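File shown here: entry33.tsv, holding TSV, C-alpha atoms and all ligand atoms.
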```tsv
chain	number	residue	atom	x	y	z
A	1	MET	CA	0.00	0.00	0.00
A	2	ASN	CA	1.21	3.52	-0.75
A	3	ARG	CA	1.80	5.67	2.27
A	4	VAL	CA	2.71	9.34	2.62
A	5	HIS	CA	3.73	10.51	6.06
A	6	VAL	CA	2.85	14.05	7.09
A	7	ASP	CA	5.57	14.98	9.53
A	8	LEU	CA	4.21	17.54	12.00
A	9	GLY	CA	5.73	16.49	15.31
A	10	GLU	CA	3.03	15.30	17.68
A	11	ASN	CA	0.40	16.08	15.03
A	12	SER	CA	1.98	13.74	12.45
A	13	TYR	CA	-0.19	11.33	10.50
A	14	ASP	CA	-0.26	8.98	7.54
A	15	ILE	CA	-2.05	9.18	4.22
A	16	PHE	CA	-2.84	5.75	2.77
A	17	ILE	CA	-3.55	5.62	-0.95
A	18	GLN	CA	-4.72	2.55	-2.82
A	19	PRO	CA	-7.69	1.34	-4.86
A	20	GLY	CA	-10.09	-0.67	-2.72
A	21	LEU	CA	-9.11	0.84	0.65
A	22	LEU	CA	-12.74	1.53	1.50
A	23	GLN	CA	-13.14	-2.21	2.00
A	24	GLU	CA	-10.19	-2.39	4.40
A	25	ILE	CA	-10.88	0.32	6.92
A	26	PRO	CA	-10.54	-1.73	10.13
A	27	SER	CA	-6.99	-2.79	9.28
A	28	LEU	CA	-6.04	0.83	8.54
A	29	THR	CA	-7.39	2.33	11.73
A	30	ARG	CA	-6.16	-0.43	14.05
A	31	SER	CA	-2.83	1.25	14.81
A	32	LEU	CA	-4.63	4.42	15.98
A	33	SER	CA	-6.15	2.51	18.91
A	34	LEU	CA	-9.36	4.48	18.61
A	35	GLN	CA	-11.64	4.30	21.61
A	36	GLY	CA	-15.31	5.13	21.81
A	37	SER	CA	-17.82	5.40	18.97
A	38	ILE	CA	-17.42	6.46	15.37
A	39	PHE	CA	-19.49	9.28	13.85
A	40	ILE	CA	-19.31	9.33	10.06
A	41	ILE	CA	-20.30	12.69	8.57
A	42	SER	CA	-21.14	12.69	4.88
A	43	ASP	CA	-23.35	14.45	2.36
A	44	THR	CA	-26.51	12.92	0.98
A	45	ARG	CA	-25.03	12.01	-2.39
A	46	VAL	CA	-21.82	10.42	-1.11
A	47	ALA	CA	-23.70	8.70	1.72
A	48	SER	CA	-26.13	7.17	-0.76
A	49	ILE	CA	-23.23	5.56	-2.64
A	50	TYR	CA	-20.65	4.76	0.05
A	51	GLY	CA	-22.39	5.39	3.39
A	52	GLU	CA	-23.49	1.82	4.09
A	53	LEU	CA	-20.16	0.32	3.05
A	54	VAL	CA	-18.16	2.63	5.31
A	55	LEU	CA	-20.63	2.30	8.18
A	56	LYS	CA	-20.41	-1.50	8.02
A	57	GLN	CA	-16.62	-1.37	7.98
A	58	PHE	CA	-16.56	0.62	11.21
A	59	GLN	CA	-19.32	-1.47	12.76
A	60	LYS	CA	-17.04	-4.50	12.39
A	61	VAL	CA	-14.85	-3.05	15.11
A	62	GLY	CA	-17.25	-1.02	17.25
A	63	LYS	CA	-20.21	1.29	17.47
A	64	ALA	CA	-20.73	3.59	14.48
A	65	HIS	CA	-23.30	6.14	13.27
A	66	LEU	CA	-23.80	7.89	9.93
A	67	LEU	CA	-24.86	11.56	9.94
A	68	THR	CA	-25.66	13.27	6.64
A	69	VAL	CA	-25.98	16.87	5.49
A	70	PRO	CA	-27.29	18.15	2.15
A	71	GLU	CA	-24.67	18.17	-0.61
A	72	GLY	CA	-23.13	21.46	-1.68
A	73	GLU	CA	-21.19	24.46	-0.41
A	74	SER	CA	-24.14	25.84	1.57
A	75	SER	CA	-23.66	23.05	4.11
A	76	LYS	CA	-20.37	24.65	5.17
A	77	SER	CA	-22.31	26.90	7.57
A	78	ILE	CA	-22.53	27.61	11.28
A	79	SER	CA	-26.12	26.36	11.31
A	80	MET	CA	-25.07	23.01	9.83
A	81	ALA	CA	-22.21	22.74	12.33
A	82	ASP	CA	-24.73	23.52	15.09
A	83	SER	CA	-27.11	20.84	13.85
A	84	LEU	CA	-24.24	18.32	13.88
A	85	TYR	CA	-23.25	19.32	17.45
A	86	THR	CA	-26.87	18.69	18.49
A	87	GLN	CA	-27.01	15.30	16.79
A	88	LEU	CA	-23.68	14.29	18.37
A	89	LEU	CA	-24.91	15.31	21.81
A	90	GLN	CA	-28.24	13.53	21.35
A	91	LEU	CA	-26.36	10.38	20.38
A	92	GLY	CA	-24.24	10.69	23.52
A	93	ALA	CA	-20.95	11.53	21.81
A	94	ASN	CA	-18.02	12.31	24.08
A	95	ARG	CA	-14.36	13.25	23.94
A	96	LYS	CA	-13.16	9.76	23.20
A	97	ASP	CA	-15.23	9.40	20.05
A	98	THR	CA	-13.97	9.90	16.52
A	99	ILE	CA	-15.40	11.80	13.57
A	100	ILE	CA	-14.96	10.50	10.03
A	101	ALA	CA	-15.27	12.96	7.14
A	102	LEU	CA	-16.57	10.95	4.18
A	103	GLY	CA	-16.94	13.19	1.14
A	104	GLY	CA	-15.44	16.04	-0.84
A	105	GLY	CA	-13.87	19.24	0.44
A	106	VAL	CA	-17.16	20.55	1.80
A	107	ILE	CA	-17.51	17.58	4.11
A	108	GLY	CA	-13.82	17.52	5.04
A	109	ASP	CA	-13.90	21.20	6.01
A	110	LEU	CA	-17.24	20.99	7.87
A	111	ALA	CA	-16.68	17.67	9.67
A	112	GLY	CA	-13.11	18.72	10.49
A	113	PHE	CA	-14.40	21.98	11.95
A	114	VAL	CA	-16.95	20.11	14.05
A	115	ALA	CA	-14.23	17.70	15.21
A	116	ALA	CA	-11.92	20.62	16.08
A	117	THR	CA	-14.55	22.34	18.22
A	118	PHE	CA	-16.77	19.60	19.68
A	119	MET	CA	-15.75	19.28	23.33
A	120	ARG	CA	-12.59	21.27	22.48
A	121	GLY	CA	-11.52	18.78	19.86
A	122	ILE	CA	-12.00	15.09	19.21
A	123	PRO	CA	-10.03	12.86	16.80
A	124	PHE	CA	-10.97	12.85	13.14
A	125	ILE	CA	-10.16	10.89	10.03
A	126	GLN	CA	-10.47	12.08	6.45
A	127	ILE	CA	-11.87	9.79	3.76
A	128	PRO	CA	-11.85	12.18	0.79
A	129	THR	CA	-13.98	11.25	-2.24
A	130	THR	CA	-13.30	13.95	-4.85
A	131	VAL	CA	-10.07	14.59	-6.75
A	132	LEU	CA	-9.85	17.99	-5.09
A	133	ALA	CA	-10.27	16.53	-1.63
A	134	GLN	CA	-7.86	13.65	-2.28
A	135	VAL	CA	-5.01	15.87	-3.45
A	136	ASP	CA	-5.67	19.03	-1.51
A	137	SER	CA	-8.32	19.72	1.12
A	138	SER	CA	-7.98	16.49	3.15
A	139	VAL	CA	-4.27	17.07	3.75
A	140	GLY	CA	-2.86	19.89	5.83
A	141	GLY	CA	-5.41	20.48	8.55
A	142	LYS	CA	-7.26	23.57	7.37
A	143	VAL	CA	-10.85	23.09	8.48
A	144	GLY	CA	-13.65	25.60	8.50
A	145	ILE	CA	-16.99	26.96	7.46
A	146	ASN	CA	-18.21	29.98	5.52
A	147	HIS	CA	-19.66	33.23	6.86
A	148	PRO	CA	-22.22	35.31	4.94
A	149	MET	CA	-19.41	37.87	4.51
A	150	GLY	CA	-16.99	35.44	2.91
A	151	LYS	CA	-15.75	31.92	2.35
A	152	ASN	CA	-13.71	30.00	4.91
A	153	LEU	CA	-13.63	32.91	7.35
A	154	ILE	CA	-14.34	30.76	10.41
A	155	GLY	CA	-12.02	27.85	11.04
A	156	ALA	CA	-8.98	26.28	12.58
A	157	PHE	CA	-5.82	24.38	11.88
A	158	TYR	CA	-6.72	20.90	13.07
A	159	GLN	CA	-4.90	17.90	11.67
A	160	PRO	CA	-6.63	14.58	11.01
A	161	ARG	CA	-5.29	11.40	12.62
A	162	LEU	CA	-5.32	9.58	9.29
A	163	VAL	CA	-6.27	10.15	5.65
A	164	ILE	CA	-7.65	7.21	3.65
A	165	ILE	CA	-7.64	7.69	-0.12
A	166	ASP	CA	-9.40	5.14	-2.30
A	167	PRO	CA	-9.09	6.28	-5.94
A	168	ASP	CA	-11.83	3.83	-6.94
A	169	VAL	CA	-14.46	6.16	-5.46
A	170	LEU	CA	-13.64	8.72	-8.16
A	171	HIS	CA	-15.45	6.58	-10.74
A	172	SER	CA	-18.83	7.75	-9.44
A	173	LEU	CA	-17.80	11.41	-9.60
A	174	ASP	CA	-19.06	13.64	-12.44
A	175	GLU	CA	-16.39	14.14	-15.09
A	176	ARG	CA	-16.75	17.89	-14.66
A	177	GLN	CA	-15.71	17.47	-11.00
A	178	VAL	CA	-12.77	15.29	-12.04
A	179	ARG	CA	-11.55	17.91	-14.50
A	180	ALA	CA	-11.93	20.70	-11.94
A	181	GLY	CA	-10.00	18.70	-9.32
A	182	LEU	CA	-7.23	18.01	-11.80
A	183	ALA	CA	-6.60	21.76	-11.99
A	184	GLU	CA	-5.13	21.44	-8.49
A	185	VAL	CA	-3.03	18.49	-9.68
A	186	ILE	CA	-1.61	20.62	-12.50
A	187	LYS	CA	-1.00	23.34	-9.89
A	188	TYR	CA	1.32	21.01	-7.94
A	189	ALA	CA	3.29	20.29	-11.11
A	190	PHE	CA	3.66	24.01	-11.79
A	191	ILE	CA	4.83	24.94	-8.32
A	192	SER	CA	7.19	22.09	-7.66
A	193	ASP	CA	7.48	19.18	-10.02
A	194	PRO	CA	8.63	19.30	-13.66
A	195	VAL	CA	8.49	15.48	-13.84
A	196	LEU	CA	4.84	15.45	-12.79
A	197	PHE	CA	4.28	18.16	-15.39
A	198	GLN	CA	5.68	15.89	-18.11
A	199	THR	CA	3.59	12.96	-16.91
A	200	LEU	CA	0.48	15.13	-17.14
A	201	GLU	CA	1.48	16.39	-20.58
A	202	THR	CA	1.75	12.80	-21.78
A	203	HIS	CA	-1.25	11.26	-20.03
A	204	LEU	CA	-3.78	13.96	-19.12
A	205	GLU	CA	-6.72	12.58	-21.13
A	206	SER	CA	-6.18	9.07	-19.78
A	207	ILE	CA	-6.07	10.47	-16.25
A	208	ILE	CA	-9.30	12.41	-16.82
A	209	ARG	CA	-10.94	9.13	-17.81
A	210	LEU	CA	-9.37	7.44	-14.72
A	211	GLU	CA	-8.25	4.67	-17.08
A	212	GLU	CA	-5.01	3.45	-15.59
A	213	LYS	CA	-5.27	2.71	-11.91
A	214	THR	CA	-1.53	2.64	-11.32
A	215	LEU	CA	-0.99	5.97	-13.00
A	216	VAL	CA	-3.91	7.67	-11.22
A	217	ASN	CA	-2.70	6.30	-7.91
A	218	ALA	CA	0.85	7.52	-8.54
A	219	VAL	CA	-0.35	11.00	-9.50
A	220	LEU	CA	-2.54	11.31	-6.39
A	221	GLU	CA	0.34	10.11	-4.24
A	222	LYS	CA	2.75	12.60	-5.78
A	223	CYS	CA	0.36	15.49	-5.05
A	224	CYS	CA	-0.06	14.34	-1.43
A	225	GLN	CA	3.73	14.18	-1.09
A	226	ILE	CA	4.10	17.72	-2.37
A	227	LYS	CA	1.38	19.06	-0.11
A	228	ALA	CA	2.73	17.12	2.87
A	229	GLU	CA	6.20	18.58	2.35
A	230	VAL	CA	4.94	22.16	2.01
A	231	VAL	CA	2.75	21.78	5.11
A	232	ARG	CA	5.63	20.18	7.04
A	233	GLN	CA	7.72	23.26	6.38
A	234	ASP	CA	4.98	25.79	7.05
A	235	GLU	CA	1.96	24.34	8.83
A	236	LYS	CA	0.27	27.64	9.72
A	237	GLU	CA	0.96	29.48	6.45
A	238	SER	CA	3.45	32.04	7.61
A	239	GLY	CA	5.24	31.94	4.26
A	240	LEU	CA	5.95	29.00	1.96
A	241	ARG	CA	2.48	27.42	2.23
A	242	ALA	CA	1.18	30.34	0.18
A	243	ILE	CA	2.72	28.78	-2.95
A	244	LEU	CA	-0.19	26.33	-2.86
A	245	ASN	CA	-2.25	29.34	-3.91
A	246	PHE	CA	-0.78	29.49	-7.41
A	247	GLY	CA	-3.68	30.48	-9.68
A	248	HIS	CA	-5.83	31.30	-6.66
A	249	THR	CA	-5.35	35.09	-6.43
A	250	LEU	CA	-7.37	35.46	-9.61
A	251	GLY	CA	-9.23	32.18	-9.05
A	252	HIS	CA	-10.80	33.42	-5.80
A	253	ALA	CA	-11.76	36.71	-7.44
A	254	LEU	CA	-13.35	34.86	-10.37
A	255	GLU	CA	-15.36	32.72	-7.95
A	256	ALA	CA	-16.49	35.83	-6.09
A	257	VAL	CA	-17.60	37.82	-9.14
A	258	THR	CA	-19.47	34.82	-10.55
A	259	GLY	CA	-21.31	34.39	-7.25
A	260	TYR	CA	-19.71	31.01	-6.37
A	261	ARG	CA	-22.25	29.30	-8.61
A	262	THR	CA	-21.09	29.40	-12.21
A	263	LEU	CA	-17.61	27.98	-11.74
A	264	TYR	CA	-16.34	25.15	-9.58
A	265	HIS	CA	-13.34	26.09	-7.47
A	266	GLY	CA	-10.93	24.10	-9.66
A	267	GLU	CA	-12.36	25.70	-12.79
A	268	ALA	CA	-11.74	29.18	-11.41
A	269	VAL	CA	-8.22	28.06	-10.46
A	270	ALA	CA	-7.65	26.77	-14.01
A	271	HIS	CA	-8.51	30.20	-15.42
A	272	GLY	CA	-6.46	31.83	-12.66
A	273	MET	CA	-3.44	29.70	-13.59
A	274	ILE	CA	-3.68	30.65	-17.26
A	275	MET	CA	-3.54	34.30	-16.21
A	276	ALA	CA	-0.83	33.72	-13.58
A	277	LEU	CA	1.31	32.03	-16.25
A	278	GLU	CA	0.98	35.14	-18.40
A	279	LEU	CA	2.03	37.34	-15.47
A	280	SER	CA	4.92	34.98	-14.74
A	281	LYS	CA	6.70	36.38	-17.79
A	282	THR	CA	7.66	39.25	-15.46
A	283	CYS	CA	9.51	36.68	-13.28
A	284	GLY	CA	11.42	35.21	-16.19
A	285	LEU	CA	9.10	32.40	-17.28
A	286	SER	CA	9.91	31.94	-20.97
A	287	ASN	CA	7.28	32.39	-23.67
A	288	GLN	CA	7.69	28.73	-24.53
A	289	GLU	CA	7.02	27.61	-20.95
A	290	VAL	CA	4.02	29.94	-20.70
A	291	SER	CA	2.54	28.28	-23.81
A	292	ARG	CA	3.33	24.76	-22.60
A	293	GLY	CA	1.70	25.51	-19.26
A	294	GLN	CA	-1.36	27.16	-20.75
A	295	ASN	CA	-1.80	24.35	-23.27
A	296	LEU	CA	-1.85	21.77	-20.49
A	297	VAL	CA	-4.45	23.71	-18.49
A	298	ARG	CA	-6.57	24.21	-21.60
A	299	ARG	CA	-6.65	20.45	-22.19
A	300	LEU	CA	-8.75	20.19	-19.03
A	301	GLU	CA	-11.49	21.87	-21.10
A	302	VAL	CA	-13.08	23.40	-18.03
A	303	ALA	CA	-16.18	25.58	-18.30
A	304	PRO	CA	-15.26	28.89	-19.98
A	305	LEU	CA	-15.42	32.22	-18.21
A	306	PRO	CA	-18.72	34.05	-18.65
A	307	GLU	CA	-18.41	36.40	-21.63
A	308	ASN	CA	-19.38	39.64	-19.95
A	309	LEU	CA	-16.89	39.51	-17.08
A	310	ASP	CA	-15.76	42.99	-16.14
A	311	PRO	CA	-12.00	43.28	-15.41
A	312	ALA	CA	-12.73	46.17	-13.03
A	313	ALA	CA	-15.05	43.96	-10.96
A	314	ILE	CA	-12.39	41.28	-10.76
A	315	LEU	CA	-9.81	43.82	-9.59
A	316	GLU	CA	-12.28	45.02	-6.96
A	317	ALA	CA	-12.84	41.48	-5.72
A	318	MET	CA	-9.08	41.05	-5.43
A	319	ALA	CA	-8.78	44.32	-3.53
A	320	ARG	CA	-11.51	43.19	-1.09
A	321	ASP	CA	-9.65	39.93	-0.50
A	322	LYS	CA	-6.44	41.84	0.07
A	323	LYS	CA	-8.09	44.21	2.55
A	324	ARG	CA	-9.53	41.29	4.46
A	325	LEU	CA	-6.08	39.74	4.70
A	326	LYS	CA	-4.59	43.12	5.80
A	327	ASN	CA	-1.93	42.41	3.32
A	328	VAL	CA	-0.23	43.57	0.18
A	329	GLN	CA	-1.43	41.84	-2.97
A	330	ASN	CA	0.77	38.77	-3.03
A	331	TRP	CA	1.07	36.80	-6.23
A	332	ILE	CA	2.38	33.32	-6.64
A	333	LEU	CA	4.21	33.20	-9.96
A	334	LEU	CA	6.61	30.85	-11.69
A	335	THR	CA	10.24	31.43	-12.59
A	336	SER	CA	10.19	28.11	-14.44
A	337	ILE	CA	7.87	25.12	-14.56
A	338	GLY	CA	8.37	23.52	-11.16
A	339	ASN	CA	9.55	26.68	-9.36
A	340	ALA	CA	7.23	29.18	-7.70
A	341	VAL	CA	7.98	32.54	-6.10
A	342	ILE	CA	5.85	34.79	-3.93
A	343	THR	CA	5.93	38.38	-5.14
A	344	ASN	CA	4.02	41.64	-4.71
A	345	ASN	CA	5.59	43.23	-7.74
A	346	ILE	CA	2.54	43.11	-9.97
A	347	SER	CA	0.64	46.35	-10.49
A	348	PRO	CA	-3.16	46.51	-10.90
A	349	LYS	CA	-2.45	47.85	-14.39
A	350	GLN	CA	-0.52	44.70	-15.36
A	351	THR	CA	-3.29	42.57	-13.92
A	352	LYS	CA	-5.91	44.48	-15.86
A	353	THR	CA	-4.02	44.05	-19.13
A	354	VAL	CA	-3.83	40.28	-18.64
A	355	LEU	CA	-7.49	40.11	-17.65
A	356	THR	CA	-8.56	42.09	-20.69
A	357	ASP	CA	-6.44	39.99	-23.05
A	358	LEU	CA	-7.51	36.60	-21.77
A	359	ARG	CA	-11.14	37.12	-20.89
A	360	GLY	CA	-13.63	34.87	-22.68
A	401	LIG	N1	-9.23	22.72	3.66
A	401	LIG	C1	-8.53	22.97	2.57
A	401	LIG	O1	-7.31	23.01	2.60
A	401	LIG	C2	-9.27	23.17	1.29
A	401	LIG	C3	-8.53	23.23	0.08
A	401	LIG	C4	-9.24	23.35	-1.11
A	401	LIG	C5	-10.63	23.45	-1.09
A	401	LIG	N2	-11.31	23.39	0.09
A	401	LIG	C6	-12.78	23.44	0.14
A	401	LIG	O2	-13.28	22.30	-0.54
A	401	LIG	C7	-14.60	22.58	-0.99
A	401	LIG	C8	-14.79	22.01	-2.39
A	401	LIG	O3	-14.58	20.63	-2.34
A	401	LIG	P1	-15.07	19.67	-3.52
A	401	LIG	O4	-14.70	20.24	-4.82
A	401	LIG	O5	-14.60	18.31	-3.16
A	401	LIG	O6	-16.65	19.81	-3.44
A	401	LIG	P2	-17.82	18.99	-2.71
A	401	LIG	O7	-17.40	18.47	-1.41
A	401	LIG	O8	-19.01	19.89	-2.74
A	401	LIG	O9	-18.07	17.78	-3.70
A	401	LIG	C9	-18.53	18.04	-5.00
A	401	LIG	C10	-19.78	17.22	-5.35
A	401	LIG	O10	-19.39	15.89	-5.61
A	401	LIG	C11	-20.18	14.98	-4.88
A	401	LIG	N3	-19.32	13.83	-4.60
A	401	LIG	C12	-18.24	13.82	-3.78
A	401	LIG	N4	-17.60	12.65	-3.89
A	401	LIG	C13	-18.28	11.90	-4.78
A	401	LIG	C14	-18.10	10.61	-5.32
A	401	LIG	N5	-17.03	9.86	-5.03
A	401	LIG	N6	-19.02	10.16	-6.20
A	401	LIG	C15	-20.07	10.92	-6.55
A	401	LIG	N7	-20.28	12.16	-6.10
A	401	LIG	C16	-19.39	12.65	-5.23
A	401	LIG	C17	-20.65	15.75	-3.67
A	401	LIG	O11	-21.87	15.22	-3.19
A	401	LIG	C18	-20.82	17.16	-4.23
A	401	LIG	O12	-22.08	17.28	-4.84
A	401	LIG	C19	-14.77	24.07	-0.91
A	401	LIG	O13	-15.64	24.38	0.17
A	401	LIG	C20	-13.37	24.60	-0.61
A	401	LIG	O14	-13.39	25.77	0.18
A	401	LIG	C21	-10.64	23.25	1.27
A	402	ZN	ZN	-7.67	25.36	-4.50
```
Mind converting the file's structure to structure tokens?
Ligand SMILES: NC(=O)c1ccc[n+]([C@@H]2O[C@H](COP(=O)([O-])OP(=O)(O)OC[C@H]3O[C@@H](n4cnc5c(N)ncnc54)[C@H](O)[C@@H]3O)[C@@H](O)[C@H]2O)c1
Ligand SMILES: [Zn+2]
Amino acid sequence: MNRVHVDLGENSYDIFIQPGLLQEIPSLTRSLSLQGSIFIISDTRVASIYGELVLKQFQKVGKAHLLTVPEGESSKSISMADSLYTQLLQLGANRKDTIIALGGGVIGDLAGFVAATFMRGIPFIQIPTTVLAQVDSSVGGKVGINHPMGKNLIGAFYQPRLVIIDPDVLHSLDERQVRAGLAEVIKYAFISDPVLFQTLETHLESIIRLEEKTLVNAVLEKCCQIKAEVVRQDEKESGLRAILNFGHTLGHALEAVTGYRTLYHGEAVAHGMIMALELSKTCGLSNQEVSRGQNLVRRLEVAPLPENLDPAAILEAMARDKKRLKNVQNWILLTSIGNAVITNNISPKQTKTVLTDLRG
């Protein structure tokens, strides 16, 4: 079985990655010596496909319950967290119990937030079921919910005790979700791995179709390794961890101006990366590498940007984000494929030019 260790001192944990792991949960959790009951939190869609299977696996070794929330971003709310606290209390949950997040990033963030706060923190395990969650949100310990004034504004750093990745579950995922999640995979190649970049250049369409198990597994593992290493060096995002936001400065703004409905997160990031590659020319990225990078992202064929997007509105959304972070406008750009830098040397005028050129 493939294993990536996330080395964070006393908060260290393993990520196990292999097709079929959902059938082998008891053997994976044995070494954690979990006590108490298991509370699996999932969304209605994922629970309808994998809920019973996972519940039965945990019931082999102890008492387990399945709690579900409606699918979608709106479940990442304080009222949904509150409803889960109530259900946990009604079921007699206590500090020794464990929460399992079974689902995509929404469930990982919400269930992780509940685990971080219920009785000042109880153990939790991530079983991510989307590409995005398997390569990104389940690793690194950022958990949280949204506030009406913005996404992910309420949360914590709270590491899971274990991450179980079964690539087989991706077969039930919409292809649009697969493509969006693969934007984050391409992101890892851009920021730190020219070899992964070449692999994606050669095999992207096969990976989108999830054709070759060994290849898909290796790619997911590589992304987890990269994220684990970045998080090891900078768990609380005081510096380096920001490189994981390549494509996200514009990506977040695109999500905001399209009301978080038109584009999936990964789709906004794909467009954000195309623009960030253009801006990376100012950091020495060659024209040839810009084209190679943009061609790879375009092969994801994600949903296009709405035609009437206003560059000024995007700049405003970026400025709001910046104000909220009490920060200068940091950009993650590339000096070459596989090497990222954090810079604030990009003027709004340069951004506007790129936005105007690439829109639509
Ligand atoms: N914590 C972090 O570090 C981090 C990083 C990136 C993103 N995020 C968060 O992740 C969230 C997005 O995550 P997401 O893209 O996984 O979305 P999601 O959790 O909403 O899942 C997308 C859809 O796919 C369905 N689904 C999930 N797994 C499935 C499967 N195997 N088969 C069939 N359907 C399945 C879900 O029901 C949902 O409708 C956002 O809220 C974002 O803020 C967090
Ligand atoms: Zn992202």
All residues within 9 Å of ligand ZN 402 (chain A) are required, counting only C-alpha atoms and all ligand atoms; please report them as JSON, numbers by chain. {"A": [132, 136, 137, 181, 183, 184, 187, 244, 245, 246, 247, 248, 251, 252, 265, 266, 268, 269]}
Identify, counting all atoms listed in the file, the protein, DNA and RNA residues located within 7 Å of ligand LIG 401 (chain A), and give them as a compact mmCIF listing (two decimals) with C-alpha atoms, keeping the file's coordinate frame.
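Just written: part09.txt:
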```txt
# COMPACT_ATOMS: atom_id res chain seq x y z
CA ASP A 43 -23.35 14.45 2.36
CA THR A 44 -26.51 12.92 0.98
CA ARG A 45 -25.03 12.01 -2.39
CA VAL A 46 -21.82 10.42 -1.11
CA GLU A 71 -24.67 18.17 -0.61
CA GLY A 72 -23.13 21.46 -1.68
CA GLU A 73 -21.19 24.46 -0.41
CA LYS A 76 -20.37 24.65 5.17
CA GLY A 103 -16.94 13.19 1.14
CA GLY A 104 -15.44 16.04 -0.84
CA GLY A 105 -13.87 19.24 0.44
CA VAL A 106 -17.16 20.55 1.80
CA ILE A 107 -17.51 17.58 4.11
CA ASP A 109 -13.90 21.20 6.01
CA THR A 129 -13.98 11.25 -2.24
CA THR A 130 -13.30 13.95 -4.85
CA VAL A 131 -10.07 14.59 -6.75
CA LEU A 132 -9.85 17.99 -5.09
CA ALA A 133 -10.27 16.53 -1.63
CA ASP A 136 -5.67 19.03 -1.51
CA SER A 137 -8.32 19.72 1.12
CA SER A 138 -7.98 16.49 3.15
CA VAL A 139 -4.27 17.07 3.75
CA GLY A 140 -2.86 19.89 5.83
CA GLY A 141 -5.41 20.48 8.55
CA LYS A 142 -7.26 23.57 7.37
CA VAL A 143 -10.85 23.09 8.48
CA LYS A 151 -15.75 31.92 2.35
CA ASN A 152 -13.71 30.00 4.91
CA VAL A 169 -14.46 6.16 -5.46
CA LEU A 170 -13.64 8.72 -8.16
CA HIS A 171 -15.45 6.58 -10.74
CA SER A 172 -18.83 7.75 -9.44
CA LEU A 173 -17.80 11.41 -9.60
CA ASP A 174 -19.06 13.64 -12.44
CA GLN A 177 -15.71 17.47 -11.00
CA GLY A 181 -10.00 18.70 -9.32
CA HIS A 265 -13.34 26.09 -7.47
```
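Minimum atom-to-atom distance to Asp310 of chain A, evaluated using only C-alpha atoms, belongs to A:Asp357 out of A:Asp166, A:Asp357, A:Glu289, A:Glu267.
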Please report the interatomic distance between atom CA of Ala64 of chain A and atom CA of Ile38 of chain A in Å with one decimal.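 Value for the atom CA of Ala64 of chain A-atom CA of Ile38 of chain A distance: 4.5 Å.
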Using all atoms listed in the file, can you list as a VMD selection string the residues within 10 Å of (-17.9, -0.2, 4.8)? chain A and resid 21 to 26 50 to 60
Taking all atoms listed in the file into account, which of A:Thr29, A:Thr262, A:Thr68, A:Gln159 comes nearest Ala81 of chain A?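 When distances to Ala81 of chain A are compared using all atoms listed in the file, the smallest one comes from A:Thr68.
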Point-to-point distance in Å for atom CA of Gly121 of chain A and atom CA of Asn11 of chain A: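 If I compute the distance from atom CA of Asn11 of chain A to atom CA of Gly121 of chain A, I get 13.1 Å.
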What is the distance between atom CA of Leu355 of chain A and atom CA of Arg179 of chain A, in Å to one decimal? 22.8 Å
Residues of segment 250-289 of chain A within 10 Å of segment 343-347 of chain A: nearest atom pair and distance (Å, one decimal) for each, counting all atoms listed in the file, sorted by chain and number, as CSV?
```
residue,atom,partner,partner_atom,distance
A:Leu279,CA,A:Ile346,CA,8.0
A:Ser280,CA,A:Ile346,CA,9.7
A:Thr282,CA,A:Ile346,CA,8.4
A:Cys283,CA,A:Thr343,CA,9.1
```
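Distances to Ile127 of chain A were evaluated for A:Leu277, A:Val290, A:Ile191, A:Ala101 using all atoms listed in the file, and the minimum falls at A:Ala101.
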Write out as a list in words the residues lying within 8 Å of His147 of chain A, counting only C-alpha atoms and excluding same-chain residues fewer than 6 positions away. Ser77, Ile78, Leu153 and Ile154 of chain A
Calculated over all atoms listed in the file, which of the candidates A:Cys223, A:Ile243, A:Met275, A:Val302 has the smallest distance to Glu175 of chain A? A:Val302
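Of the listed residues A:Leu254, A:Ala47, A:Ala93, A:Leu296, the one whose atoms come nearest to Ala312 of chain A is A:Leu254, with distances taken using all atoms listed in the file.
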Top pick for closest residue to Val6 of chain A, considering A:Pro160, A:Gly338, A:Gly272, A:Gly62 and counting only C-alpha atoms: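 The shortest atom-to-atom distance to Val6 of chain A comes from A:Pro160.
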Taking (-18.8, 14.7, 23.4) in the file's coordinates as the center, which residues reach within 12 Å of it, counting all atoms listed in the file, put as a ChimeraX atom specification? /A:36-39,84-99,114-123
Store the residues picked out above in a file with C-alpha atoms, as a compact mmCIF listing (two decimals), in the coordinates of the input.
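In the end it all went to out-v1.txt:
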```txt
# COMPACT_ATOMS: atom_id res chain seq x y z
CA GLY A 36 -15.31 5.13 21.81
CA SER A 37 -17.82 5.40 18.97
CA ILE A 38 -17.42 6.46 15.37
CA PHE A 39 -19.49 9.28 13.85
CA LEU A 84 -24.24 18.32 13.88
CA TYR A 85 -23.25 19.32 17.45
CA THR A 86 -26.87 18.69 18.49
CA GLN A 87 -27.01 15.30 16.79
CA LEU A 88 -23.68 14.29 18.37
CA LEU A 89 -24.91 15.31 21.81
CA GLN A 90 -28.24 13.53 21.35
CA LEU A 91 -26.36 10.38 20.38
CA GLY A 92 -24.24 10.69 23.52
CA ALA A 93 -20.95 11.53 21.81
CA ASN A 94 -18.02 12.31 24.08
CA ARG A 95 -14.36 13.25 23.94
CA LYS A 96 -13.16 9.76 23.20
CA ASP A 97 -15.23 9.40 20.05
CA THR A 98 -13.97 9.90 16.52
CA ILE A 99 -15.40 11.80 13.57
CA VAL A 114 -16.95 20.11 14.05
CA ALA A 115 -14.23 17.70 15.21
CA ALA A 116 -11.92 20.62 16.08
CA THR A 117 -14.55 22.34 18.22
CA PHE A 118 -16.77 19.60 19.68
CA MET A 119 -15.75 19.28 23.33
CA ARG A 120 -12.59 21.27 22.48
CA GLY A 121 -11.52 18.78 19.86
CA ILE A 122 -12.00 15.09 19.21
CA PRO A 123 -10.03 12.86 16.80
```
